[in-house]
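File shown: structure11.cif. Contents: mmCIF, C-alpha atoms.
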data_data
#
loop_
_atom_site.group_PDB
_atom_site.id
_atom_site.type_symbol
_atom_site.label_atom_id
_atom_site.label_comp_id
_atom_site.auth_asym_id
_atom_site.auth_seq_id
_atom_site.Cartn_x
_atom_site.Cartn_y
_atom_site.Cartn_z
ATOM 1 C CA MET A 1 18.029 -26.968 -4.262
ATOM 2 C CA LYS A 2 14.603 -26.097 -5.644
ATOM 3 C CA HIS A 3 13.517 -25.073 -2.154
ATOM 4 C CA PHE A 4 15.992 -22.231 -2.393
ATOM 5 C CA VAL A 5 15.511 -21.391 -6.070
ATOM 6 C CA ILE A 6 11.788 -20.612 -5.962
ATOM 7 C CA PRO A 7 11.938 -18.125 -3.059
ATOM 8 C CA ALA A 8 15.017 -16.585 -4.661
ATOM 9 C CA VAL A 9 13.136 -16.052 -7.935
ATOM 10 C CA PHE A 10 10.277 -14.387 -6.068
ATOM 11 C CA ALA A 11 12.715 -12.192 -4.171
ATOM 12 C CA VAL A 12 14.383 -11.080 -7.405
ATOM 13 C CA LEU A 13 11.051 -10.376 -9.087
ATOM 14 C CA ALA A 14 9.873 -8.382 -6.099
ATOM 15 C CA ALA A 15 12.985 -6.252 -6.257
ATOM 16 C CA ILE A 16 12.563 -5.304 -9.937
ATOM 17 C CA PRO A 17 10.480 -2.137 -10.346
ATOM 18 C CA GLY A 18 7.395 -2.995 -12.361
ATOM 19 C CA ALA A 19 7.966 -6.749 -12.278
ATOM 20 C CA ARG A 20 4.784 -7.560 -10.402
ATOM 21 C CA ALA A 21 1.495 -7.096 -12.200
ATOM 22 C CA ALA A 22 -1.726 -5.979 -10.550
ATOM 23 C CA ASP A 23 -3.486 -8.415 -8.243
ATOM 24 C CA GLU A 24 -6.407 -10.052 -9.985
ATOM 25 C CA TRP A 25 -9.768 -10.125 -8.223
ATOM 26 C CA GLY A 26 -11.632 -12.430 -10.580
ATOM 27 C CA ILE A 27 -14.171 -9.736 -11.401
ATOM 28 C CA ASP A 28 -16.085 -10.094 -14.671
ATOM 29 C CA ASN A 29 -14.528 -7.989 -17.444
ATOM 30 C CA GLU A 30 -11.425 -7.130 -15.406
ATOM 31 C CA LYS A 31 -7.944 -6.904 -16.826
ATOM 32 C CA ALA A 32 -4.647 -5.784 -15.348
ATOM 33 C CA ALA A 33 -3.838 -2.307 -16.625
ATOM 34 C CA GLN A 34 -0.625 -0.381 -16.045
ATOM 35 C CA PHE A 35 -0.315 2.964 -17.805
ATOM 36 C CA SER A 36 0.811 6.574 -17.611
ATOM 37 C CA ALA A 37 -1.827 9.222 -17.077
ATOM 38 C CA LYS A 38 -2.413 12.687 -15.742
ATOM 39 C CA VAL A 39 -4.312 12.893 -12.455
ATOM 40 C CA VAL A 40 -7.406 15.036 -13.005
ATOM 41 C CA ASP A 41 -10.553 16.179 -11.264
ATOM 42 C CA VAL A 42 -13.248 14.318 -13.218
ATOM 43 C CA ALA A 43 -15.787 17.160 -13.129
ATOM 44 C CA CYS A 44 -13.071 19.526 -14.320
ATOM 45 C CA ALA A 45 -12.164 17.239 -17.216
ATOM 46 C CA LEU A 46 -15.811 16.925 -18.237
ATOM 47 C CA LYS A 47 -17.102 20.448 -17.755
ATOM 48 C CA GLY A 48 -14.122 22.760 -17.320
ATOM 49 C CA ASP A 49 -15.239 23.523 -13.765
ATOM 50 C CA CYS A 50 -11.849 23.402 -12.092
ATOM 51 C CA PRO A 51 -11.231 24.375 -8.465
ATOM 52 C CA GLU A 52 -7.678 24.532 -7.167
ATOM 53 C CA ASN A 53 -5.808 21.314 -6.471
ATOM 54 C CA CYS A 54 -8.471 19.073 -8.059
ATOM 55 C CA GLY A 55 -10.898 20.097 -5.336
ATOM 56 C CA GLY A 56 -8.536 19.239 -2.473
ATOM 57 C CA GLY A 57 -10.022 15.801 -1.870
ATOM 58 C CA THR A 58 -13.675 16.741 -2.198
ATOM 59 C CA ARG A 59 -14.127 15.516 -5.773
ATOM 60 C CA GLN A 60 -13.752 12.255 -7.636
ATOM 61 C CA LEU A 61 -10.433 11.913 -9.421
ATOM 62 C CA GLY A 62 -9.585 10.326 -12.714
ATOM 63 C CA LEU A 63 -6.677 9.375 -14.924
ATOM 64 C CA LEU A 64 -6.388 11.057 -18.302
ATOM 65 C CA THR A 65 -4.164 9.208 -20.760
ATOM 66 C CA ALA A 66 -2.167 10.797 -23.570
ATOM 67 C CA ASP A 67 -4.670 9.496 -26.133
ATOM 68 C CA GLY A 68 -7.558 11.195 -24.313
ATOM 69 C CA LYS A 69 -9.064 8.272 -22.394
ATOM 70 C CA LEU A 70 -10.537 9.263 -19.037
ATOM 71 C CA ARG A 71 -10.574 6.493 -16.412
ATOM 72 C CA VAL A 72 -12.386 7.208 -13.179
ATOM 73 C CA ALA A 73 -10.378 5.793 -10.254
ATOM 74 C CA VAL A 74 -13.082 4.472 -7.964
ATOM 75 C CA LYS A 75 -11.107 2.154 -5.682
ATOM 76 C CA GLY A 76 -7.787 1.995 -3.891
ATOM 77 C CA ASN A 77 -6.225 -0.698 -1.739
ATOM 78 C CA THR A 78 -7.849 0.206 1.581
ATOM 79 C CA ASP A 79 -10.941 -1.855 2.378
ATOM 80 C CA PHE A 80 -14.134 -0.010 1.453
ATOM 81 C CA ALA A 81 -12.249 3.084 0.284
ATOM 82 C CA GLY A 82 -11.478 4.881 -2.935
ATOM 83 C CA ALA A 83 -8.260 6.241 -4.408
ATOM 84 C CA VAL A 84 -8.657 9.991 -3.857
ATOM 85 C CA HIS A 85 -6.127 10.080 -1.007
ATOM 86 C CA ASP A 86 -3.605 8.241 -3.173
ATOM 87 C CA LEU A 87 -3.994 10.384 -6.291
ATOM 88 C CA LEU A 88 -4.584 13.863 -4.897
ATOM 89 C CA PRO A 89 -0.870 14.552 -4.203
ATOM 90 C CA TYR A 90 -0.299 14.163 -7.954
ATOM 91 C CA CYS A 91 -3.106 16.465 -9.147
ATOM 92 C CA GLY A 92 -2.211 17.764 -12.602
ATOM 93 C CA ARG A 93 0.866 15.561 -12.866
ATOM 94 C CA THR A 94 1.490 12.548 -15.046
ATOM 95 C CA ILE A 95 2.213 9.398 -13.073
ATOM 96 C CA GLU A 96 2.154 5.643 -13.610
ATOM 97 C CA VAL A 97 -0.617 3.545 -12.180
ATOM 98 C CA ASP A 98 -1.093 -0.181 -11.932
ATOM 99 C CA GLY A 99 -4.385 -1.843 -11.206
ATOM 100 C CA LEU A 100 -7.529 -3.315 -12.682
ATOM 101 C CA LEU A 101 -9.558 -1.919 -15.532
ATOM 102 C CA ILE A 102 -13.100 -3.230 -15.307
ATOM 103 C CA GLU A 103 -14.897 -2.800 -18.603
ATOM 104 C CA ASN A 104 -18.367 -3.788 -17.517
ATOM 105 C CA PRO A 105 -20.791 -3.179 -20.402
ATOM 106 C CA ALA A 106 -22.761 -0.891 -18.084
ATOM 107 C CA ILE A 107 -19.827 1.166 -16.782
ATOM 108 C CA THR A 108 -16.037 1.221 -16.964
ATOM 109 C CA LEU A 109 -14.131 1.522 -13.654
ATOM 110 C CA TYR A 110 -10.496 1.589 -12.612
ATOM 111 C CA MET A 111 -9.069 0.209 -9.370
ATOM 112 C CA ALA A 112 -5.678 1.778 -8.681
ATOM 113 C CA GLN A 113 -3.586 -0.714 -6.727
ATOM 114 C CA ARG A 114 -0.247 1.101 -6.800
ATOM 115 C CA VAL A 115 1.205 4.316 -8.169
ATOM 116 C CA ARG A 116 4.654 5.683 -8.895
ATOM 117 C CA GLU A 117 5.893 9.115 -9.886
ATOM 118 C CA ALA A 118 8.067 7.861 -12.749
ATOM 119 C CA PRO A 119 9.305 4.570 -14.228
ATOM 120 C CA ASP A 120 12.508 4.781 -12.180
ATOM 121 C CA LYS A 121 10.674 5.425 -8.903
ATOM 122 C CA PRO A 122 9.352 2.736 -6.566
ATOM 123 C CA TRP A 123 5.745 1.656 -6.634
ATOM 124 C CA VAL A 124 3.609 2.800 -3.708
ATOM 125 C CA LYS A 125 0.606 0.733 -2.674
ATOM 126 C CA THR A 126 -2.649 2.700 -2.687
ATOM 127 C CA THR A 127 -3.339 2.600 1.032
ATOM 128 C CA ALA A 128 -3.232 6.342 1.686
ATOM 129 C CA PHE A 129 -6.820 6.347 2.969
ATOM 130 C CA ALA A 130 -5.871 3.950 5.795
ATOM 131 C CA ARG A 131 -2.735 5.963 6.556
ATOM 132 C CA ASP A 132 -4.612 9.265 6.686
ATOM 133 C CA TRP A 133 -7.502 7.787 8.662
ATOM 134 C CA GLU A 134 -5.110 6.411 11.286
ATOM 135 C CA ALA A 135 -3.314 9.759 11.506
ATOM 136 C CA ALA A 136 -6.629 11.488 12.133
ATOM 137 C CA HIS A 137 -8.344 8.978 14.427
ATOM 138 C CA GLY A 138 -5.778 6.502 15.746
ATOM 139 C CA LYS A 139 -5.146 2.896 14.835
ATOM 140 C CA PRO A 140 -8.446 1.179 14.092
ATOM 141 C CA LYS A 141 -9.527 -2.447 14.190
ATOM 142 C CA GLN A 142 -11.903 -1.709 11.316
ATOM 143 C CA TRP A 143 -11.953 1.943 10.198
ATOM 144 C CA PHE A 144 -15.345 1.505 8.556
ATOM 145 C CA ARG A 145 -17.042 0.627 11.841
ATOM 146 C CA GLU A 146 -15.211 3.307 13.834
ATOM 147 C CA ASP A 147 -15.418 6.283 11.489
ATOM 148 C CA PRO A 148 -17.316 9.221 13.065
ATOM 149 C CA LEU A 149 -19.456 9.903 9.978
ATOM 150 C CA VAL A 150 -20.316 6.231 9.549
ATOM 151 C CA LYS A 151 -21.320 6.000 13.221
ATOM 152 C CA GLU A 152 -23.381 9.178 12.936
ATOM 153 C CA VAL A 153 -25.305 7.996 9.872
ATOM 154 C CA ILE A 154 -25.856 4.464 11.200
ATOM 155 C CA ALA A 155 -27.003 5.902 14.556
ATOM 156 C CA GLU A 156 -29.534 8.079 12.727
ATOM 157 C CA ASP A 157 -30.866 5.572 10.202
ATOM 158 C CA GLY A 158 -29.843 2.121 11.432
ATOM 159 C CA VAL A 159 -27.858 -0.645 9.810
ATOM 160 C CA LEU A 160 -30.639 -1.228 7.287
ATOM 161 C CA GLY A 161 -31.054 2.463 6.528
ATOM 162 C CA ILE A 162 -34.617 2.696 7.837
ATOM 163 C CA LYS A 163 -35.019 4.198 11.285
ATOM 164 C CA GLY A 164 -36.475 1.674 13.724
ATOM 165 C CA LEU A 165 -36.016 -1.315 11.416
ATOM 166 C CA GLU A 166 -33.669 -3.911 12.865
ATOM 167 C CA PRO A 167 -32.040 -6.861 11.134
ATOM 168 C CA PRO A 168 -33.504 -10.257 12.055
ATOM 169 C CA LYS A 169 -31.871 -11.915 15.050
ATOM 170 C CA SER A 170 -29.489 -14.641 13.941
ATOM 171 C CA LYS A 171 -30.556 -18.096 15.133
ATOM 172 C CA MET B 1 -3.151 20.729 -59.661
ATOM 173 C CA ARG B 2 -6.079 18.463 -60.484
ATOM 174 C CA PRO B 3 -9.278 18.715 -58.349
ATOM 175 C CA ALA B 4 -8.864 15.115 -57.128
ATOM 176 C CA THR B 5 -5.386 15.903 -55.914
ATOM 177 C CA ILE B 6 -6.575 19.046 -54.165
ATOM 178 C CA LEU B 7 -9.395 17.097 -52.493
ATOM 179 C CA ALA B 8 -7.029 14.378 -51.315
ATOM 180 C CA ALA B 9 -4.645 16.986 -49.949
ATOM 181 C CA ALA B 10 -7.513 18.686 -48.106
ATOM 182 C CA PHE B 11 -8.592 15.411 -46.500
ATOM 183 C CA LEU B 12 -5.016 14.650 -45.502
ATOM 184 C CA ALA B 13 -4.593 18.107 -43.985
ATOM 185 C CA ALA B 14 -7.864 17.796 -42.063
ATOM 186 C CA ALA B 15 -6.904 14.381 -40.726
ATOM 187 C CA THR B 16 -3.463 15.620 -39.708
ATOM 188 C CA LEU B 17 -4.490 18.895 -38.149
ATOM 189 C CA SER B 18 -7.641 17.826 -36.281
ATOM 190 C CA PRO B 19 -7.192 17.207 -32.538
ATOM 191 C CA PRO B 20 -7.863 13.633 -31.339
ATOM 192 C CA ALA B 21 -11.586 13.066 -31.103
ATOM 193 C CA LEU B 22 -12.861 12.993 -27.524
ATOM 194 C CA ALA B 23 -15.263 10.185 -26.785
ATOM 195 C CA GLN B 24 -17.351 12.622 -24.753
ATOM 196 C CA SER B 25 -21.000 13.166 -25.515
ATOM 197 C CA PRO B 26 -22.536 16.609 -25.503
ATOM 198 C CA ALA B 27 -24.255 17.322 -22.192
ATOM 199 C CA GLN B 28 -27.919 16.428 -22.298
ATOM 200 C CA ARG B 29 -30.785 16.993 -19.886
ATOM 201 C CA VAL B 30 -32.168 13.696 -18.514
ATOM 202 C CA GLN B 31 -34.450 12.344 -15.831
ATOM 203 C CA VAL B 32 -33.268 9.165 -14.133
ATOM 204 C CA LYS B 33 -34.958 6.873 -11.598
ATOM 205 C CA GLY B 34 -33.227 4.166 -9.620
ATOM 206 C CA GLU B 35 -31.444 3.043 -6.464
ATOM 207 C CA LEU B 36 -28.400 4.910 -5.185
ATOM 208 C CA VAL B 37 -25.675 2.297 -4.934
ATOM 209 C CA ASP B 38 -22.077 1.925 -3.956
ATOM 210 C CA THR B 39 -20.544 1.779 -7.431
ATOM 211 C CA TRP B 40 -17.737 -0.642 -6.617
ATOM 212 C CA CYS B 41 -19.662 -3.387 -4.829
ATOM 213 C CA SER B 42 -22.641 -3.147 -7.141
ATOM 214 C CA VAL B 43 -20.715 -3.259 -10.424
ATOM 215 C CA THR B 44 -18.083 -5.819 -9.473
ATOM 216 C CA GLY B 45 -20.460 -8.312 -7.887
ATOM 217 C CA ILE B 46 -17.919 -9.107 -5.174
ATOM 218 C CA MET B 47 -20.766 -9.352 -2.683
ATOM 219 C CA PHE B 48 -24.529 -9.074 -2.504
ATOM 220 C CA ALA B 49 -25.014 -5.338 -3.018
ATOM 221 C CA ALA B 50 -28.600 -4.116 -3.111
ATOM 222 C CA GLY B 51 -31.210 -2.750 -0.748
ATOM 223 C CA THR B 52 -31.353 -2.848 3.013
ATOM 224 C CA ALA B 53 -29.028 -5.835 3.432
ATOM 225 C CA HIS B 54 -26.207 -3.874 1.834
ATOM 226 C CA HIS B 55 -27.038 -0.418 3.150
ATOM 227 C CA GLN B 56 -24.387 -0.353 5.860
ATOM 228 C CA CYS B 57 -21.665 -1.321 3.392
ATOM 229 C CA ALA B 58 -22.889 1.333 0.973
ATOM 230 C CA VAL B 59 -22.452 3.874 3.778
ATOM 231 C CA TRP B 60 -18.931 2.599 4.491
ATOM 232 C CA CYS B 61 -17.955 2.910 0.827
ATOM 233 C CA ALA B 62 -19.453 6.381 0.402
ATOM 234 C CA VAL B 63 -17.549 7.567 3.476
ATOM 235 C CA GLY B 64 -14.465 5.877 2.030
ATOM 236 C CA GLY B 65 -14.846 8.056 -1.052
ATOM 237 C CA ILE B 66 -16.051 5.471 -3.553
ATOM 238 C CA PRO B 67 -18.406 7.175 -6.028
ATOM 239 C CA ILE B 68 -22.128 6.653 -5.704
ATOM 240 C CA SER B 69 -24.254 5.871 -8.727
ATOM 241 C CA ILE B 70 -27.903 5.603 -9.565
ATOM 242 C CA LYS B 71 -28.651 2.108 -10.841
ATOM 243 C CA THR B 72 -31.761 2.013 -12.985
ATOM 244 C CA ALA B 73 -34.161 -0.884 -13.433
ATOM 245 C CA ASP B 74 -32.515 -1.771 -16.758
ATOM 246 C CA GLY B 75 -29.080 -2.089 -15.131
ATOM 247 C CA ALA B 76 -27.557 1.207 -16.276
ATOM 248 C CA TYR B 77 -25.288 3.131 -13.895
ATOM 249 C CA TYR B 78 -25.191 6.928 -13.627
ATOM 250 C CA MET B 79 -22.239 8.117 -11.539
ATOM 251 C CA VAL B 80 -23.307 11.103 -9.453
ATOM 252 C CA LEU B 81 -20.773 13.945 -9.320
ATOM 253 C CA ARG B 82 -23.028 16.711 -8.061
ATOM 254 C CA ILE B 83 -26.346 17.121 -6.250
ATOM 255 C CA ALA B 84 -27.853 20.588 -6.713
ATOM 256 C CA ASP B 85 -25.146 23.060 -5.676
ATOM 257 C CA ASP B 86 -23.035 20.485 -3.848
ATOM 258 C CA ASP B 87 -20.193 19.124 -5.947
ATOM 259 C CA HIS B 88 -18.218 17.721 -3.024
ATOM 260 C CA SER B 89 -19.076 14.131 -3.833
ATOM 261 C CA VAL B 90 -16.355 12.471 -1.737
ATOM 262 C CA ALA B 91 -17.333 11.326 1.770
ATOM 263 C CA ARG B 92 -19.954 14.025 2.289
ATOM 264 C CA LYS B 93 -22.944 13.464 4.540
ATOM 265 C CA PRO B 94 -25.603 14.517 1.992
ATOM 266 C CA PHE B 95 -24.225 11.904 -0.411
ATOM 267 C CA VAL B 96 -23.854 9.277 2.319
ATOM 268 C CA LYS B 97 -27.326 9.709 3.848
ATOM 269 C CA ILE B 98 -29.193 8.871 0.658
ATOM 270 C CA GLN B 99 -27.377 5.652 -0.074
ATOM 271 C CA THR B 100 -29.786 2.860 -1.062
ATOM 272 C CA HIS B 101 -32.688 5.299 -1.514
ATOM 273 C CA GLU B 102 -34.813 5.072 -4.619
ATOM 274 C CA VAL B 103 -34.729 8.485 -6.229
ATOM 275 C CA SER B 104 -35.892 10.255 -9.321
ATOM 276 C CA VAL B 105 -33.632 13.067 -10.418
ATOM 277 C CA ASP B 106 -33.299 15.643 -13.112
ATOM 278 C CA GLY B 107 -29.829 16.476 -14.286
ATOM 279 C CA GLU B 108 -27.165 16.826 -16.888
ATOM 280 C CA LEU B 109 -25.672 13.693 -18.414
ATOM 281 C CA ILE B 110 -22.230 13.489 -19.981
ATOM 282 C CA GLU B 111 -20.993 10.145 -21.326
ATOM 283 C CA ARG B 112 -17.311 9.478 -21.752
ATOM 284 C CA ASP B 113 -15.191 6.359 -22.120
ATOM 285 C CA GLY B 114 -17.798 3.947 -20.833
ATOM 286 C CA VAL B 115 -19.154 6.026 -17.956
ATOM 287 C CA LYS B 116 -22.421 7.939 -17.665
ATOM 288 C CA TYR B 117 -21.625 10.919 -15.440
ATOM 289 C CA LEU B 118 -24.598 12.676 -13.896
ATOM 290 C CA PHE B 119 -24.696 16.211 -12.519
ATOM 291 C CA VAL B 120 -27.972 16.222 -10.609
ATOM 292 C CA SER B 121 -29.835 19.529 -10.745
ATOM 293 C CA GLU B 122 -32.786 18.471 -8.639
ATOM 294 C CA VAL B 123 -34.000 15.438 -6.713
ATOM 295 C CA LEU B 124 -37.564 15.161 -7.965
ATOM 296 C CA ASP B 125 -38.558 12.369 -5.593
ATOM 297 C CA ASP B 126 -36.881 10.450 -2.781
ATOM 298 C CA ALA B 127 -38.907 7.354 -1.908
ATOM 299 C CA GLY B 128 -36.417 6.302 0.766
ATOM 300 C CA ILE B 129 -35.269 2.694 0.874
ATOM 301 C CA VAL B 130 -37.788 0.454 -0.830
ATOM 302 C CA ASP B 131 -35.728 -2.657 -1.584
ATOM 303 C CA LEU B 132 -36.062 -4.699 1.627
ATOM 304 C CA THR B 133 -33.439 -7.275 0.770
ATOM 305 C CA HIS B 134 -32.656 -8.049 4.410
ATOM 306 C CA GLU B 135 -35.829 -10.150 4.479
ATOM 307 C CA GLN B 136 -34.100 -12.730 2.283
ATOM 308 C CA ASN B 137 -30.405 -11.959 2.765
ATOM 309 C CA PRO B 138 -27.970 -11.556 5.658
ATOM 310 C CA ILE B 139 -26.274 -8.209 6.199
ATOM 311 C CA SER B 140 -23.645 -7.951 3.496
ATOM 312 C CA PRO B 141 -20.755 -8.324 4.103
ATOM 313 C CA PHE B 142 -19.883 -10.112 7.370
ATOM 314 C CA GLY B 143 -23.470 -10.816 8.437
ATOM 315 C CA GLU B 144 -23.593 -7.901 10.878
#
For the structure just supplied, provide its representation as structure tokens.
Amino acid sequence: MKHFVIPAVFAVLAAIPGARAADEWGIDNEKAAQFSAKVVDVACALKGDCPENCGGGTRQLGLLTADGKLRVAVKGNTDFAGAVHDLLPYCGRTIEVDGLLIENPAITLYMAQRVREAPDKPWVKTTAFARDWEAAHGKPKQWFREDPLVKEVIAEDGVLGIKGLEPPKSK
Amino acid sequence: MRPATILAAAFLAAATLSPPALAQSPAQRVQVKGELVDTWCSVTGIMFAAGTAHHQCAVWCAVGGIPISIKTADGAYYMVLRIADDDHSVARKPFVKIQTHEVSVDGELIERDGVKYLFVSEVLDDAGIVDLTHEQNPISPFGE
């Protein structure tokens, strides 16, 4: 019987909006953090320099809570990518986010793992960067090795960042 | 009405009517020296993330839109939102190309909610990449 009960419990939990907490990464000073916040252009929030549509994807985005806390959303759920693609559609709107708040003594960061428009809406995983990259360039094996700008910069400066300097040959 | 009562009422009114205090510092002019790093990998410690051995990953993350920061010798992070007139800090070649470089900059610092945000006015010196970590470490991550 228990072989059926455990998967059934997981299935029920997965079906309840908001039942699953953020995935932990085991990072020092991390804690799961789900909250409501307005999506803002960070430079706009800090300096009042506010282009249309939060800069249209050219600027770092943050989450401004009702009590005035500004959390910069540095990471989404695509490997090696941030959360700008996930948050930009909600510029100026209040949404719910779920993810990891990392309160490192040197700097506080937020990793947005999923977003939803309202408590009664489904969660959406923050993989918009991968979706948009694939739409622009085709399905990749590893976007970060195939991206045109990455290839251009690595071709110019090398893997180590110093032209002409090569990594040691592996033995 | 007694003076003490008036004073108490004034304090109560001030406390009630004042907007919530922002934890934002006034902008101040600063000069900062350090290595330009991929903020996520460097802060979280999920992988080795300094110098030449991590340069390629820092490029990946900058192109992926993760903010870049200047990490100083004392371990402070200054998240860079603008360089000179360029405030397009997401996946832009000028921001990507200088990853891992040791730079000295002059700029405007605003601190808020645990983050030092830096609006760079001028790059005073760019020493290039000086931290040759690949001599002791494999390429991070994946070894290639």
What does the PyMOL selection byres ((chain A and resi 22-36) around 7) select in this file, as a list in words?
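For this structure, the PyMOL selection byres ((chain A and resi 22-36) around 7) resolves to Arg20, Ala21, Ala37, Thr65, Thr94, Ile95, Glu96, Val97, Asp98, Gly99, Leu100, Leu101, Ile102, Glu103, Asn104 and Gln113 of chain A; Thr44 of chain B.
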For this structure, which residues satisfy the selection - the PyMOL selection byres ((chain B) within 8 of (chain A)) - when it is evaluated on the file as given? I want them as a PDB file with C-alpha atoms, in the frame of the given file.
ATOM      1  CA  PRO B  20      -7.863  13.633 -31.339  1.00  0.00           C
ATOM      2  CA  LEU B  22     -12.861  12.993 -27.524  1.00  0.00           C
ATOM      3  CA  ALA B  23     -15.263  10.185 -26.785  1.00  0.00           C
ATOM      4  CA  GLN B  24     -17.351  12.622 -24.753  1.00  0.00           C
ATOM      5  CA  THR B  39     -20.544   1.779  -7.431  1.00  0.00           C
ATOM      6  CA  TRP B  40     -17.737  -0.642  -6.617  1.00  0.00           C
ATOM      7  CA  VAL B  43     -20.715  -3.259 -10.424  1.00  0.00           C
ATOM      8  CA  THR B  44     -18.083  -5.819  -9.473  1.00  0.00           C
ATOM      9  CA  GLY B  45     -20.460  -8.312  -7.887  1.00  0.00           C
ATOM     10  CA  ILE B  46     -17.919  -9.107  -5.174  1.00  0.00           C
ATOM     11  CA  THR B  52     -31.353  -2.848   3.013  1.00  0.00           C
ATOM     12  CA  ALA B  53     -29.028  -5.835   3.432  1.00  0.00           C
ATOM     13  CA  HIS B  54     -26.207  -3.874   1.834  1.00  0.00           C
ATOM     14  CA  HIS B  55     -27.038  -0.418   3.150  1.00  0.00           C
ATOM     15  CA  GLN B  56     -24.387  -0.353   5.860  1.00  0.00           C
ATOM     16  CA  CYS B  57     -21.665  -1.321   3.392  1.00  0.00           C
ATOM     17  CA  VAL B  59     -22.452   3.874   3.778  1.00  0.00           C
ATOM     18  CA  TRP B  60     -18.931   2.599   4.491  1.00  0.00           C
ATOM     19  CA  CYS B  61     -17.955   2.910   0.827  1.00  0.00           C
ATOM     20  CA  ALA B  62     -19.453   6.381   0.402  1.00  0.00           C
ATOM     21  CA  VAL B  63     -17.549   7.567   3.476  1.00  0.00           C
ATOM     22  CA  GLY B  64     -14.465   5.877   2.030  1.00  0.00           C
ATOM     23  CA  GLY B  65     -14.846   8.056  -1.052  1.00  0.00           C
ATOM     24  CA  ILE B  66     -16.051   5.471  -3.553  1.00  0.00           C
ATOM     25  CA  PRO B  67     -18.406   7.175  -6.028  1.00  0.00           C
ATOM     26  CA  GLY B  75     -29.080  -2.089 -15.131  1.00  0.00           C
ATOM     27  CA  ALA B  76     -27.557   1.207 -16.276  1.00  0.00           C
ATOM     28  CA  TYR B  77     -25.288   3.131 -13.895  1.00  0.00           C
ATOM     29  CA  LEU B  81     -20.773  13.945  -9.320  1.00  0.00           C
ATOM     30  CA  ASP B  87     -20.193  19.124  -5.947  1.00  0.00           C
ATOM     31  CA  HIS B  88     -18.218  17.721  -3.024  1.00  0.00           C
ATOM     32  CA  SER B  89     -19.076  14.131  -3.833  1.00  0.00           C
ATOM     33  CA  VAL B  90     -16.355  12.471  -1.737  1.00  0.00           C
ATOM     34  CA  ALA B  91     -17.333  11.326   1.770  1.00  0.00           C
ATOM     35  CA  LYS B  93     -22.944  13.464   4.540  1.00  0.00           C
ATOM     36  CA  VAL B  96     -23.854   9.277   2.319  1.00  0.00           C
ATOM     37  CA  LYS B  97     -27.326   9.709   3.848  1.00  0.00           C
ATOM     38  CA  THR B 100     -29.786   2.860  -1.062  1.00  0.00           C
ATOM     39  CA  ILE B 110     -22.230  13.489 -19.981  1.00  0.00           C
ATOM     40  CA  ARG B 112     -17.311   9.478 -21.752  1.00  0.00           C
ATOM     41  CA  ASP B 113     -15.191   6.359 -22.120  1.00  0.00           C
ATOM     42  CA  GLY B 114     -17.798   3.947 -20.833  1.00  0.00           C
ATOM     43  CA  VAL B 115     -19.154   6.026 -17.956  1.00  0.00           C
ATOM     44  CA  LYS B 116     -22.421   7.939 -17.665  1.00  0.00           C
ATOM     45  CA  ILE B 129     -35.269   2.694   0.874  1.00  0.00           C
ATOM     46  CA  HIS B 134     -32.656  -8.049   4.410  1.00  0.00           C
ATOM     47  CA  GLU B 135     -35.829 -10.150   4.479  1.00  0.00           C
ATOM     48  CA  ILE B 139     -26.274  -8.209   6.199  1.00  0.00           C
TER      49      ILE B 139
END
At what distance in Å, to one decimal, does atom CA of A:Ala66 lie from atom CA of B:Phe119?
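Taking atom CA of B:Phe119 as the start and atom CA of A:Ala66 as the end point, the length is 25.7 Å.
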Find the distance between atom CA of B:Ala49 and atom CA of A:Leu63 and write it in Å to one decimal.
26.4 Å
Point out the residue among B:Leu118, B:Met47, B:Val130, B:Ala27 with the least atom-to-atom distance to B:Ala84, counting all atoms listed in the file.
B:Leu118
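In this model, the gap between atom CA of A:Leu64 and atom CA of B:Gln31 comes to 28.2 Å.
Once the PyMOL selection byres ((chain B and resi 123-126) around 7) is applied to the depicted file, the selected set reads His101, Glu102, Val103, Ser104, Val105, Asp106, Glu122, Ala127 and Gly128 of chain B.
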May I have the residues at most 7 Å from (3.4, 4.1, -7.2) in the file's coordinates, counting all atoms listed in the file, as a VMD selection string?
chain A and resid 96 to 97 114 to 117 122 to 125
Could you write out the selected residues, including C-alpha atoms, as a compact mmCIF listing (two decimals), in the frame of the given file?
# COMPACT_ATOMS: atom_id res chain seq x y z
CA GLU A 96 2.15 5.64 -13.61
CA VAL A 97 -0.62 3.54 -12.18
CA ARG A 114 -0.25 1.10 -6.80
CA VAL A 115 1.20 4.32 -8.17
CA ARG A 116 4.65 5.68 -8.90
CA GLU A 117 5.89 9.12 -9.89
CA PRO A 122 9.35 2.74 -6.57
CA TRP A 123 5.74 1.66 -6.63
CA VAL A 124 3.61 2.80 -3.71
CA LYS A 125 0.61 0.73 -2.67
Completed stretch 36-40 of chain B (N, CA and C atoms) as a CSV table (one decimal), in the frame of the given file:
chain,number,residue,atom,x,y,z
B,36,LEU,N,-29.8,4.4,-5.4
B,36,LEU,CA,-28.4,4.9,-5.2
B,36,LEU,C,-27.6,3.8,-4.6
B,37,VAL,N,-26.5,3.4,-5.3
B,37,VAL,CA,-25.7,2.3,-4.9
B,37,VAL,C,-24.2,2.7,-4.8
B,38,ASP,N,-23.5,1.9,-4.0
B,38,ASP,CA,-22.1,1.9,-4.0
B,38,ASP,C,-21.6,1.3,-5.3
B,39,THR,N,-20.9,2.2,-6.1
B,39,THR,CA,-20.5,1.8,-7.4
B,39,THR,C,-19.6,0.5,-7.5
B,40,TRP,N,-18.7,0.5,-6.6
B,40,TRP,CA,-17.7,-0.6,-6.6
B,40,TRP,C,-18.4,-2.0,-6.3
